[in-house]
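Each remark here refers to the structure printed beneath this line.
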Amino acid sequence: MKKKIAFIGAGHACLQMIKLYEFSNDFEVELICDKNYNAPAIEYARKNNIKTVREISDINNYEIDFLVELTGKNQLVMEAIREHIPKEVSVIDSHGADMFFSLFSIMWKDKSNETIEILDDATKKLHKYFKDFYEIQNTISLLSINASIEAKRAGEAGAGFSAIARAIKDLVNQSEQTSNDCFSELKNLEEIKSNMLKHDKNFLNSDN
């Protein structure tokens with residue numbers, strides 16, 4: 001089960017962290033707390049169905065495992081955290097959050113690059129396989145046409161040729177459908193790779 005995180009302070013730093021946590025298998029953003037409902041992370045939260053609250057005391061209405069403070073250890077905020085947040089909730093201050101963000105960014109970047117390289121290698125190999133497959137398919141199609149021609153020339157004696165020609169034609173039709181389905185999946189892989197490259201370039205841009 002994923003650990004639930006709440007943020008206090010919805011500025012650009014919060015927005016950057018939310019975007020990183022979207023790729024985590026271990027954590028999910030439960031809510032964001034900020035009095036300013038026009039703050040960047042609050043606007044992002046509204047668009048992405050992330051809960052928001054204005055008061056620190058309201059955080060108690062939700063089950064969270066971690067609380068990340070991103071206000072620069074504001075004294076009033078820290079006092080409110082001590083007053084309203086249960087001790088079993090792990091509190092990470094802004095300095096700890098900055099360090100974690102840097103480490104997580106590096107890890108995400110390395111993993112992203114590795115995944116993109118794997119996808120790139122796989123799509124290149126698949127393109128080669130498809131090229132070979134199409135050549136084989138064209139050869140079989142020509143055999144089907146030749147068999148049909150020979151069957152017509154032979155008349156009744158070519159009945160066997162005719163049956164073979166029909167069987168080959170059916171095989172060609174089936175292989176065409178299969179190749180089209182496979183090619184569609186290849187396009188999906190290429191789209192995933194393209195989206196990862198795009199997100200890798202922009203995910204730290206807090207204006208997006």
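Ligands are numbered from 1 in the order shown, residues from 1 within each chain, and chains are lettered A, B, ... in the order they appear in the structure tokens.
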
inquiry  = Residues within 12 Å of A:Glu176, please, as a list in words. Count only C-alpha atoms; anything in the same chain fewer than 2 positions from it doesn't count.
reply    = Phe130, Phe133, Tyr134, Glu135, Ile136, Gln137, Asn138, Ile140, Ser141, Lys169, Asp170, Leu171, Val172, Asn173, Gln174, Thr178, Ser179, Asn180, Asp181, Cys182 and Phe183 of chain A

Mind dumping the selected residues with N, CA, C and O atoms as a PDB file, in the first residue's frame?
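Wrote again_9.pdb, looks like this:
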ATOM      1  N   PHE A 130       9.860  -6.402 -38.454  1.00  0.00           N
ATOM      2  CA  PHE A 130       8.730  -6.123 -39.338  1.00  0.00           C
ATOM      3  C   PHE A 130       9.172  -6.071 -40.796  1.00  0.00           C
ATOM      4  O   PHE A 130       8.462  -6.545 -41.687  1.00  0.00           O
ATOM      5  N   PHE A 133       9.585  -9.557 -41.875  1.00  0.00           N
ATOM      6  CA  PHE A 133       8.273 -10.200 -41.949  1.00  0.00           C
ATOM      7  C   PHE A 133       7.532  -9.789 -43.220  1.00  0.00           C
ATOM      8  O   PHE A 133       6.911 -10.619 -43.891  1.00  0.00           O
ATOM      9  N   TYR A 134       7.584  -8.495 -43.552  1.00  0.00           N
ATOM     10  CA  TYR A 134       6.902  -8.012 -44.759  1.00  0.00           C
ATOM     11  C   TYR A 134       7.496  -8.639 -46.018  1.00  0.00           C
ATOM     12  O   TYR A 134       6.776  -8.932 -46.982  1.00  0.00           O
ATOM     13  N   GLU A 135       8.811  -8.843 -46.026  1.00  0.00           N
ATOM     14  CA  GLU A 135       9.448  -9.481 -47.182  1.00  0.00           C
ATOM     15  C   GLU A 135       8.961 -10.921 -47.338  1.00  0.00           C
ATOM     16  O   GLU A 135       8.672 -11.378 -48.452  1.00  0.00           O
ATOM     17  N   ILE A 136       8.867 -11.629 -46.218  1.00  0.00           N
ATOM     18  CA  ILE A 136       8.352 -13.010 -46.257  1.00  0.00           C
ATOM     19  C   ILE A 136       6.892 -13.014 -46.702  1.00  0.00           C
ATOM     20  O   ILE A 136       6.464 -13.851 -47.512  1.00  0.00           O
ATOM     21  N   GLN A 137       6.137 -12.053 -46.179  1.00  0.00           N
ATOM     22  CA  GLN A 137       4.713 -11.957 -46.524  1.00  0.00           C
ATOM     23  C   GLN A 137       4.527 -11.701 -48.019  1.00  0.00           C
ATOM     24  O   GLN A 137       3.653 -12.299 -48.665  1.00  0.00           O
ATOM     25  N   ASN A 138       5.345 -10.831 -48.584  1.00  0.00           N
ATOM     26  CA  ASN A 138       5.261 -10.543 -50.021  1.00  0.00           C
ATOM     27  C   ASN A 138       5.607 -11.773 -50.857  1.00  0.00           C
ATOM     28  O   ASN A 138       4.988 -12.031 -51.899  1.00  0.00           O
ATOM     29  N   ILE A 140       5.198 -14.924 -49.951  1.00  0.00           N
ATOM     30  CA  ILE A 140       4.063 -15.857 -49.851  1.00  0.00           C
ATOM     31  C   ILE A 140       2.916 -15.388 -50.737  1.00  0.00           C
ATOM     32  O   ILE A 140       2.242 -16.193 -51.400  1.00  0.00           O
ATOM     33  N   SER A 141       2.698 -14.081 -50.777  1.00  0.00           N
ATOM     34  CA  SER A 141       1.626 -13.533 -51.611  1.00  0.00           C
ATOM     35  C   SER A 141       1.884 -13.827 -53.088  1.00  0.00           C
ATOM     36  O   SER A 141       0.960 -14.190 -53.837  1.00  0.00           O
ATOM     37  N   LYS A 169      -3.634 -17.850 -49.795  1.00  0.00           N
ATOM     38  CA  LYS A 169      -4.256 -16.524 -49.749  1.00  0.00           C
ATOM     39  C   LYS A 169      -4.855 -16.244 -48.374  1.00  0.00           C
ATOM     40  O   LYS A 169      -4.722 -15.140 -47.837  1.00  0.00           O
ATOM     41  N   ASP A 170      -5.517 -17.268 -47.802  1.00  0.00           N
ATOM     42  CA  ASP A 170      -6.079 -17.109 -46.453  1.00  0.00           C
ATOM     43  C   ASP A 170      -4.970 -16.841 -45.433  1.00  0.00           C
ATOM     44  O   ASP A 170      -5.127 -16.017 -44.522  1.00  0.00           O
ATOM     45  N   LEU A 171      -3.858 -17.549 -45.607  1.00  0.00           N
ATOM     46  CA  LEU A 171      -2.721 -17.366 -44.701  1.00  0.00           C
ATOM     47  C   LEU A 171      -2.166 -15.944 -44.809  1.00  0.00           C
ATOM     48  O   LEU A 171      -1.833 -15.315 -43.796  1.00  0.00           O
ATOM     49  N   VAL A 172      -2.089 -15.445 -46.041  1.00  0.00           N
ATOM     50  CA  VAL A 172      -1.605 -14.080 -46.254  1.00  0.00           C
ATOM     51  C   VAL A 172      -2.528 -13.068 -45.583  1.00  0.00           C
ATOM     52  O   VAL A 172      -2.077 -12.129 -44.914  1.00  0.00           O
ATOM     53  N   ASN A 173      -3.847 -13.271 -45.741  1.00  0.00           N
ATOM     54  CA  ASN A 173      -4.810 -12.348 -45.126  1.00  0.00           C
ATOM     55  C   ASN A 173      -4.688 -12.342 -43.600  1.00  0.00           C
ATOM     56  O   ASN A 173      -4.740 -11.289 -42.957  1.00  0.00           O
ATOM     57  N   GLN A 174      -4.526 -13.540 -43.031  1.00  0.00           N
ATOM     58  CA  GLN A 174      -4.379 -13.636 -41.578  1.00  0.00           C
ATOM     59  C   GLN A 174      -3.090 -12.959 -41.108  1.00  0.00           C
ATOM     60  O   GLN A 174      -3.074 -12.262 -40.095  1.00  0.00           O
ATOM     61  N   THR A 178      -2.488  -9.797 -38.489  1.00  0.00           N
ATOM     62  CA  THR A 178      -1.583  -9.920 -37.344  1.00  0.00           C
ATOM     63  C   THR A 178      -0.491  -8.856 -37.390  1.00  0.00           C
ATOM     64  O   THR A 178      -0.167  -8.227 -36.377  1.00  0.00           O
ATOM     65  N   SER A 179       0.071  -8.645 -38.569  1.00  0.00           N
ATOM     66  CA  SER A 179       1.141  -7.651 -38.700  1.00  0.00           C
ATOM     67  C   SER A 179       0.614  -6.245 -38.434  1.00  0.00           C
ATOM     68  O   SER A 179       1.307  -5.416 -37.836  1.00  0.00           O
ATOM     69  N   ASN A 180      -0.623  -5.965 -38.854  1.00  0.00           N
ATOM     70  CA  ASN A 180      -1.216  -4.654 -38.587  1.00  0.00           C
ATOM     71  C   ASN A 180      -1.405  -4.427 -37.091  1.00  0.00           C
ATOM     72  O   ASN A 180      -1.151  -3.334 -36.569  1.00  0.00           O
ATOM     73  N   ASP A 181      -1.855  -5.487 -36.390  1.00  0.00           N
ATOM     74  CA  ASP A 181      -2.027  -5.386 -34.939  1.00  0.00           C
ATOM     75  C   ASP A 181      -0.686  -5.154 -34.245  1.00  0.00           C
ATOM     76  O   ASP A 181      -0.572  -4.322 -33.337  1.00  0.00           O
ATOM     77  N   CYS A 182       0.322  -5.900 -34.684  1.00  0.00           N
ATOM     78  CA  CYS A 182       1.654  -5.756 -34.087  1.00  0.00           C
ATOM     79  C   CYS A 182       2.239  -4.373 -34.361  1.00  0.00           C
ATOM     80  O   CYS A 182       2.861  -3.757 -33.490  1.00  0.00           O
ATOM     81  N   PHE A 183       2.015  -3.887 -35.575  1.00  0.00           N
ATOM     82  CA  PHE A 183       2.535  -2.570 -35.928  1.00  0.00           C
ATOM     83  C   PHE A 183       1.853  -1.483 -35.101  1.00  0.00           C
ATOM     84  O   PHE A 183       2.482  -0.493 -34.711  1.00  0.00           O
TER      85      PHE A 183
END

Those in stretch 17-102 of chain A with helix (DSSP H, G or I) from DSSP, as a PyMOL selection string = chain A and resi 17-21+40-47+56-61+75-84+94-102

Just the residues within 10 Å of stretch 40-42 of chain A, please, counting only C-alpha atoms, with nothing from its chain fewer than 5 positions along; format it as a JSON list (two decimals) with N, CA and C atoms, in the first residue's frame.
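Dumped everything to selection-v6.json:
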[["chain", "number", "residue", "atom", "x", "y", "z"],
["A", 7, "PHE", "N", 1.31, 18.07, 1.89],
["A", 7, "PHE", "CA", 2.25, 19.18, 1.79],
["A", 7, "PHE", "C", 1.66, 20.42, 2.44],
["A", 9, "GLY", "N", 2.30, 24.38, 2.14],
["A", 9, "GLY", "CA", 3.00, 25.31, 1.26],
["A", 9, "GLY", "C", 2.86, 24.85, -0.17],
["A", 10, "ALA", "N", 2.14, 25.63, -0.98],
["A", 10, "ALA", "CA", 1.78, 25.18, -2.33],
["A", 10, "ALA", "C", 2.48, 25.99, -3.42],
["A", 11, "GLY", "N", 3.71, 26.37, -3.15],
["A", 11, "GLY", "CA", 4.46, 27.13, -4.15],
["A", 11, "GLY", "C", 5.06, 26.24, -5.22],
["A", 12, "HIS", "N", 6.04, 26.78, -5.93],
["A", 12, "HIS", "CA", 6.66, 26.05, -7.03],
["A", 12, "HIS", "C", 7.39, 24.79, -6.55],
["A", 13, "ALA", "N", 8.01, 24.87, -5.37],
["A", 13, "ALA", "CA", 8.72, 23.70, -4.84],
["A", 13, "ALA", "C", 7.76, 22.54, -4.62],
["A", 14, "CYS", "N", 6.58, 22.86, -4.10],
["A", 14, "CYS", "CA", 5.56, 21.83, -3.89],
["A", 14, "CYS", "C", 5.12, 21.22, -5.22],
["A", 15, "LEU", "N", 4.92, 22.07, -6.20],
["A", 15, "LEU", "CA", 4.49, 21.59, -7.52],
["A", 15, "LEU", "C", 5.52, 20.65, -8.12],
["A", 16, "GLN", "N", 6.79, 20.99, -7.98],
["A", 16, "GLN", "CA", 7.86, 20.14, -8.50],
["A", 16, "GLN", "C", 7.84, 18.77, -7.83],
["A", 17, "MET", "N", 7.65, 18.77, -6.52],
["A", 17, "MET", "CA", 7.64, 17.51, -5.79],
["A", 17, "MET", "C", 6.44, 16.65, -6.16],
["A", 18, "ILE", "N", 5.29, 17.28, -6.34],
["A", 18, "ILE", "CA", 4.10, 16.53, -6.74],
["A", 18, "ILE", "C", 4.36, 15.81, -8.06],
["A", 19, "LYS", "N", 4.98, 16.50, -8.99],
["A", 19, "LYS", "CA", 5.25, 15.90, -10.30],
["A", 19, "LYS", "C", 6.21, 14.72, -10.19],
["A", 31, "LEU", "N", -2.96, 15.30, -0.01],
["A", 31, "LEU", "CA", -3.55, 16.64, 0.03],
["A", 31, "LEU", "C", -2.48, 17.71, 0.12],
["A", 32, "ILE", "N", -2.91, 18.95, -0.13],
["A", 32, "ILE", "CA", -2.03, 20.11, -0.06],
["A", 32, "ILE", "C", -2.71, 21.17, 0.79],
["A", 33, "CYS", "N", -1.93, 21.77, 1.67],
["A", 33, "CYS", "CA", -2.47, 22.80, 2.56],
["A", 33, "CYS", "C", -1.82, 24.15, 2.26],
["A", 34, "ASP", "N", -2.65, 25.15, 1.98],
["A", 34, "ASP", "CA", -2.16, 26.51, 1.77],
["A", 34, "ASP", "C", -3.34, 27.47, 1.82],
["A", 35, "LYS", "N", -3.13, 28.62, 2.45],
["A", 35, "LYS", "CA", -4.21, 29.61, 2.53],
["A", 35, "LYS", "C", -4.45, 30.28, 1.18],
["A", 47, "LYS", "N", -6.89, 20.63, -10.76],
["A", 47, "LYS", "CA", -6.99, 20.03, -12.08],
["A", 47, "LYS", "C", -6.78, 18.52, -12.05],
["A", 48, "ASN", "N", -6.12, 18.02, -10.99],
["A", 48, "ASN", "CA", -5.74, 16.61, -10.95],
["A", 48, "ASN", "C", -6.36, 15.85, -9.78],
["A", 50, "ILE", "N", -6.54, 16.30, -6.58],
["A", 50, "ILE", "CA", -5.80, 16.17, -5.32],
["A", 50, "ILE", "C", -6.50, 17.06, -4.29],
["A", 51, "LYS", "N", -6.71, 16.54, -3.10],
["A", 51, "LYS", "CA", -7.43, 17.28, -2.07],
["A", 51, "LYS", "C", -6.64, 18.50, -1.62],
["A", 52, "THR", "N", -7.35, 19.55, -1.23],
["A", 52, "THR", "CA", -6.72, 20.76, -0.73],
["A", 52, "THR", "C", -7.43, 21.24, 0.52],
["A", 53, "VAL", "N", -6.67, 21.84, 1.44],
["A", 53, "VAL", "CA", -7.24, 22.46, 2.64],
["A", 53, "VAL", "C", -6.52, 23.78, 2.88],
["A", 206, "SER", "N", 7.95, 24.15, -13.34],
["A", 206, "SER", "CA", 6.79, 24.35, -12.48],
["A", 206, "SER", "C", 5.70, 25.18, -13.13],
["A", 207, "ASP", "N", 5.96, 25.76, -14.28],
["A", 207, "ASP", "CA", 4.92, 26.54, -14.96],
["A", 207, "ASP", "C", 4.01, 25.66, -15.77],
["A", 208, "ASN", "N", 4.37, 24.34, -15.96],
["A", 208, "ASN", "CA", 3.55, 23.43, -16.76],
["A", 208, "ASN", "C", 2.44, 22.84, -15.92]]

If we count only C-alpha atoms, what is near A:Glu88 at a cut-off of 12 Å, once residues fewer than 6 positions away on the same chain are taken out, given as an mmCIF file with N, CA and C atoms, in the first residue's frame?
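around12.cif, written as the output of this step:
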data_model
loop_
_atom_site.group_PDB
_atom_site.id
_atom_site.type_symbol
_atom_site.label_atom_id
_atom_site.label_comp_id
_atom_site.auth_asym_id
_atom_site.auth_seq_id
_atom_site.Cartn_x
_atom_site.Cartn_y
_atom_site.Cartn_z
ATOM 1 N N ASN A 60 -5.954 16.934 9.874
ATOM 2 C CA ASN A 60 -6.345 15.818 10.739
ATOM 3 C C ASN A 60 -7.559 15.058 10.225
ATOM 4 N N GLU A 63 -6.156 10.713 6.554
ATOM 5 C CA GLU A 63 -5.122 9.785 7.003
ATOM 6 C C GLU A 63 -3.870 9.986 6.160
ATOM 7 N N ILE A 64 -2.802 10.409 6.808
ATOM 8 C CA ILE A 64 -1.537 10.611 6.104
ATOM 9 C C ILE A 64 -0.409 9.951 6.885
ATOM 10 N N ASP A 65 0.649 9.639 6.165
ATOM 11 C CA ASP A 65 1.823 9.025 6.791
ATOM 12 C C ASP A 65 2.978 10.013 6.924
ATOM 13 N N PHE A 66 3.061 10.938 5.953
ATOM 14 C CA PHE A 66 4.143 11.923 5.960
ATOM 15 C C PHE A 66 3.570 13.318 5.734
ATOM 16 N N LEU A 67 4.171 14.278 6.403
ATOM 17 C CA LEU A 67 3.816 15.680 6.199
ATOM 18 C C LEU A 67 5.081 16.427 5.805
ATOM 19 N N ARG A 82 3.029 21.209 15.422
ATOM 20 C CA ARG A 82 3.191 20.560 16.726
ATOM 21 C C ARG A 82 1.853 20.442 17.452
#

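Rounded to one decimal, atom CA of A:Lys3 and atom CA of A:Phe27 lie 4.6 Å from each other.
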
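Closest approach to A:Tyr129 among A:Ser57, A:Leu186, A:Glu117, A:Ala154: A:Leu186, based on only C-alpha atoms.
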
key: d(atom CA of A:Ile8, atom CA of A:Glu79) in Å   = 12.9 Å

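Of note, atom CA of A:His84 and atom CA of A:Ile56 are spaced 7.1 Å apart.
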
ask   = Per DSSP on the backbone, what are the strand (DSSP E or B) residues of stretch 17-150 of chain A, as a PyMOL selection string?
value = chain A and resi 27-33+51-53+66-69+90-92
